[in-house]
Number of protein chains: 2
Amino acid sequence: MEKNGKISSAVIRRLPKYYRYLGELKRMGVNKTSSRELSEMTGFSASQIRQDLNNFGGFGQQGFGYDVESLRFEIGKILGLDKKYKVIIVGAGNIGEAIANYTGFYEADYEVVSLFDKNPKLIGLSIRNAVIRDIDYIEEYLKAEKVDIAVICTPKSVCQQIAEKIVACGIKAIWNFAPKDLKMPEGVYVENVHLNESLFSLTYYYNKLKGE
Amino acid sequence: MEKNGKISSAVIRRLPKYYRYLGELKRMGVNKTSSRELSEMTGFSASQIRQDLNNFGGFGQQGFGYDVESLRFEIGKILGLDKKYKVIIVGAGNIGEAIANYTGFYEADYEVVSLFDKNPKLIGLSIRNAVIRDIDYIEEYLKAEKVDIAVICTPKSVCQQIAEKIVACGIKAIWNFAPKDLKMPEGVYVENVHLNESLFSLTYYYNKLKGE
DNA sequence: TAGATTGTTAATCGATTAACAATC
DNA sequence: TAGATTGTTAATCGATTAACAATC
């Protein structure tokens with residue numbers, strides 16, 4: 001799909017934003033857009049948007065612009081949103097529960113198939129059709145079921161150990177909400193959502209604003 | 001504090017990670033560290049770490065390294081973690097509730113003073129000493145109380161409108177969990193936690209791994 | 001002192017922006 | 001056709017890395 005394998009992560013991280021704004025245009029009934037219009041919406045320069053898209057092929061028409069629906073479809077395909085994903089959530093505490101209820105999963109074909117926790121009071125309960133299972137049986141579960149993505153919402157004291165366990169069972173994609181950098185072997189991708197880093201950055205910029 | 005006002009955001013976003021690892025070293029009873037050791041822990045190059053720190057002053061000792069406790073303290077001060085912050089959470093649904101229970105606030109002096117929601121079943125309840133109030137009274141509340149940071153956890157359909165309302169009451173720092181880019185006037189800082197963008201990036205890299 | 005490691009300047013690398021020919 | 005806007009190359013900008021003098 002790509003012209004070469006070296007697309008920078010800065011480009012990849014802009015694609016979801018393009019996808020989202022194209023979805024808004026589509027919902028508004030707009031058929032046609034341009035790099036200039038997308039620039040106004042996203043805040044990225046028109047030149048950068050054209051560069052980004054041309055990493056994956058020419059989706060536009062010279063002199064005309066881009067077809068909203070087909071560009072959205074193509075970006076979705078690049079991101080892999082045309083496929084189905086089975087998701088498990090490890091740790092059914094506050095964050096785990098919130099992620100289980102996260103409606104963003106329905107924007108594409110993600111299915112939360114199970115949660116895992118060690119708290120006996122939680123085991124057996126369900127969140128949106130997904131049962132909370134005993135974390136001691138997670139390996140057994142993963143050997144029986146095909147799972148694409150594991151969301152780690154455990155305390156940081158156990159996240160590394162649990163991550164190693166599920167990776168040994170074949171998990172290759174981890175969405176990590178624990179405030180720790182997981183040390184994983186080659187061939188496993190970890191996407192971190194480090195709330196503490198986000199909050200501290202916000203704090204820095206807030207103080208900077210106040211100081212001016 | 002800074003040598004000049006143009007510290008890039010890439011630098012700022014690395015500071016919380018230094019702060020976290022220095023905290024770990026401190027907890028382990030390590031007194032002294034070096035850019036080489038921090039490089040091994042964080043994955044950033046030693047050269048980059050020295051460059052980053054020297055944006056704010058010389059915290060090390062040539063030939064020796066860095067004192068763990070004082071470097072941690074200094075980075076904390078740069079980030080503003082030596083000050084107190086009052087936080088409100090707007091939207092007490094799943095994400096709002098999870099954030100209210102977020103223990104990361106206790107790593108520094110953040111206090112969640114109130115939540116706001118429009119759901120009558122939630123109004124009056126408390127989460128960790130913070131009462132959930134009627135969102136219709138948010139302006140009244142903000143006029144009476146000094147609040148530093150507002151966390152937006154509302155549905156995206158109302159986040160822009162609510163953000164405008166609270167900014168008019170003097171809020172200057174927004175931690176935004178709604179999947180939308182808030183359009184805010186100059187002098188307001190918005191830190192976005194866009195879970196959909198994070199999940200879609202993860203999906204891209206997961207597919208890339210599988211394709212290899 | 002010798003060894004180690006910072007602070008800082010210079011070199012390199014990569015990402016963004018500008019420019020414009022191609023073409024609808 | 002004239003106007004508009006892409007696709008793509010070249011120029012610029014900024015961030016990272018390398019190198020090394022300073023110095024503890």
# chains A, B, ... in the order shown; residues from 1 in each chain; ligands from 1
$ interface_residues --of "chain C" --to "chain A" --cutoff "8 Å" --atoms "only C-alpha atoms (C1' of nucleotides)" --output "ChimeraX atom specification"
/C:16-17,23-24
$ interface_residues --of "chain B" --to "chain A" --cutoff "9 Å" --atoms "only C-alpha atoms" --output "ChimeraX atom specification"
/B:9,12-17,20,42,78-81,85,93-99,101-102,104-105,107,148-149,172-175,179-181,187-193,195-207,209-210
$ residues_around --residues "DA18 of chain C" --least-positions-apart "3" --cutoff "10 Å" --atoms "only C-alpha atoms (C1' of nucleotides)" --output "list in words"
Ser47 of chain A; DA10, DA11 and DT12 of chain D
$ select_by_dssp --residues "segment 138-173 of chain A" --states "helix (DSSP H, G or I)" --output "JSON, numbers by chain"
{"A": [138, 139, 140, 141, 142, 143, 144, 156, 157, 158, 159, 160, 161, 162, 163, 164, 165, 166, 167, 168]}
$ residues_around --residues "Leu125 of chain A" --least-positions-apart "3" --cutoff "12 Å" --atoms "only C-alpha atoms (C1' of nucleotides)" --output "ChimeraX atom specification"
/A:92,97,114-117,119-122,128-134
$ atom_distance --atom1 "atom CA of Lys26 of chain B" --atom2 "atom CA of Ile152 of chain A"
25.9 Å
$ atom_distance --atom1 "atom CA of Lys165 of chain B" --atom2 "atom CA of Phe177 of chain B"
17.0 Å
$ atom_distance --atom1 "atom CA of Asn55 of chain B" --atom2 "atom CA of Tyr18 of chain B"
14.2 Å
$ select_by_dssp --residues "segment 16-182 of chain A" --states "strand (DSSP E)" --output "compact mmCIF listing (two decimals) with N, CA and C atoms, in the first residue's frame"
# COMPACT_ATOMS: atom_id res chain seq x y z
N LYS A 32 -16.99 16.99 -1.71
CA LYS A 32 -15.68 17.35 -2.25
C LYS A 32 -14.94 18.22 -1.25
N THR A 33 -13.64 17.99 -1.14
CA THR A 33 -12.85 18.88 -0.29
C THR A 33 -11.50 19.12 -0.95
N TYR A 66 -10.27 16.53 -3.48
CA TYR A 66 -10.44 15.15 -3.06
C TYR A 66 -11.92 14.83 -2.90
N ASP A 67 -12.29 13.63 -3.24
CA ASP A 67 -13.63 13.14 -2.98
C ASP A 67 -13.69 12.71 -1.52
N LYS A 84 -11.76 -6.34 11.40
CA LYS A 84 -12.36 -6.53 12.73
C LYS A 84 -11.27 -6.80 13.76
N TYR A 85 -11.48 -6.34 14.97
CA TYR A 85 -10.51 -6.55 16.03
C TYR A 85 -11.18 -7.02 17.30
N LYS A 86 -10.61 -8.05 17.90
CA LYS A 86 -11.11 -8.52 19.19
C LYS A 86 -10.19 -7.93 20.27
N VAL A 87 -10.82 -7.36 21.27
CA VAL A 87 -10.10 -6.62 22.30
C VAL A 87 -10.37 -7.24 23.66
N ILE A 88 -9.32 -7.39 24.47
CA ILE A 88 -9.54 -7.72 25.87
C ILE A 88 -9.02 -6.56 26.73
N ILE A 89 -9.61 -6.42 27.89
CA ILE A 89 -9.19 -5.38 28.83
C ILE A 89 -8.68 -6.06 30.09
N VAL A 90 -7.44 -5.76 30.43
CA VAL A 90 -6.82 -6.40 31.59
C VAL A 90 -6.79 -5.39 32.73
N ASP A 109 -14.62 -1.55 13.73
CA ASP A 109 -15.08 -2.88 14.09
C ASP A 109 -14.27 -3.49 15.24
N TYR A 110 -14.24 -2.80 16.36
CA TYR A 110 -13.59 -3.33 17.55
C TYR A 110 -14.65 -3.99 18.42
N GLU A 111 -14.32 -5.14 18.98
CA GLU A 111 -15.24 -5.79 19.90
C GLU A 111 -14.51 -6.16 21.19
N VAL A 112 -15.00 -5.64 22.30
CA VAL A 112 -14.44 -6.02 23.59
C VAL A 112 -15.03 -7.38 23.96
N VAL A 113 -14.19 -8.40 23.94
CA VAL A 113 -14.72 -9.75 24.14
C VAL A 113 -14.64 -10.21 25.60
N SER A 114 -13.73 -9.60 26.37
CA SER A 114 -13.64 -9.99 27.78
C SER A 114 -12.81 -9.01 28.57
N LEU A 115 -13.09 -8.95 29.87
CA LEU A 115 -12.21 -8.21 30.78
C LEU A 115 -11.61 -9.22 31.75
N PHE A 116 -10.54 -8.84 32.41
CA PHE A 116 -9.90 -9.70 33.39
C PHE A 116 -9.54 -8.89 34.62
N ASP A 117 -9.76 -9.50 35.78
CA ASP A 117 -9.40 -8.83 37.03
C ASP A 117 -9.15 -9.91 38.08
N SER A 126 -20.64 -8.25 34.15
CA SER A 126 -20.48 -7.95 32.72
C SER A 126 -20.52 -6.44 32.48
N ILE A 127 -19.80 -6.01 31.49
CA ILE A 127 -19.89 -4.63 31.01
C ILE A 127 -20.14 -4.70 29.51
N ALA A 130 -19.52 -7.97 27.79
CA ALA A 130 -18.22 -8.61 28.02
C ALA A 130 -18.12 -8.99 29.49
N VAL A 131 -17.83 -10.25 29.73
CA VAL A 131 -17.74 -10.76 31.10
C VAL A 131 -16.37 -10.42 31.69
N ILE A 132 -16.37 -10.11 32.98
CA ILE A 132 -15.11 -9.96 33.70
C ILE A 132 -14.70 -11.34 34.21
N ARG A 133 -13.53 -11.81 33.76
CA ARG A 133 -13.06 -13.14 34.14
C ARG A 133 -11.91 -13.04 35.14
N ASP A 134 -11.65 -14.14 35.79
CA ASP A 134 -10.53 -14.24 36.73
C ASP A 134 -9.22 -14.15 35.95
N ILE A 149 -6.03 -7.19 20.32
CA ILE A 149 -5.51 -6.06 21.10
C ILE A 149 -5.80 -6.29 22.58
N ALA A 150 -4.78 -6.08 23.41
CA ALA A 150 -4.98 -6.12 24.86
C ALA A 150 -4.80 -4.72 25.42
N VAL A 151 -5.79 -4.29 26.20
CA VAL A 151 -5.71 -2.98 26.85
C VAL A 151 -5.26 -3.22 28.29
N ILE A 152 -4.16 -2.61 28.68
CA ILE A 152 -3.64 -2.83 30.03
C ILE A 152 -4.05 -1.67 30.93
N ALA A 173 -0.34 -6.54 20.14
CA ALA A 173 -0.71 -5.12 20.19
C ALA A 173 -1.23 -4.79 21.59
N ILE A 174 -0.58 -3.83 22.23
CA ILE A 174 -0.95 -3.47 23.59
C ILE A 174 -1.28 -1.99 23.67
N TRP A 175 -2.44 -1.69 24.21
CA TRP A 175 -2.82 -0.30 24.49
C TRP A 175 -2.62 -0.11 25.99
N ASN A 176 -1.56 0.59 26.34
CA ASN A 176 -1.13 0.61 27.74
C ASN A 176 -1.53 1.89 28.48
$ closest_residue --among "B:Gln160, B:Thr154, B:Asn54, B:Ser39" --to "DT6 of chain C" --atoms "only C-alpha atoms (C1' of nucleotides)"
B:Asn54
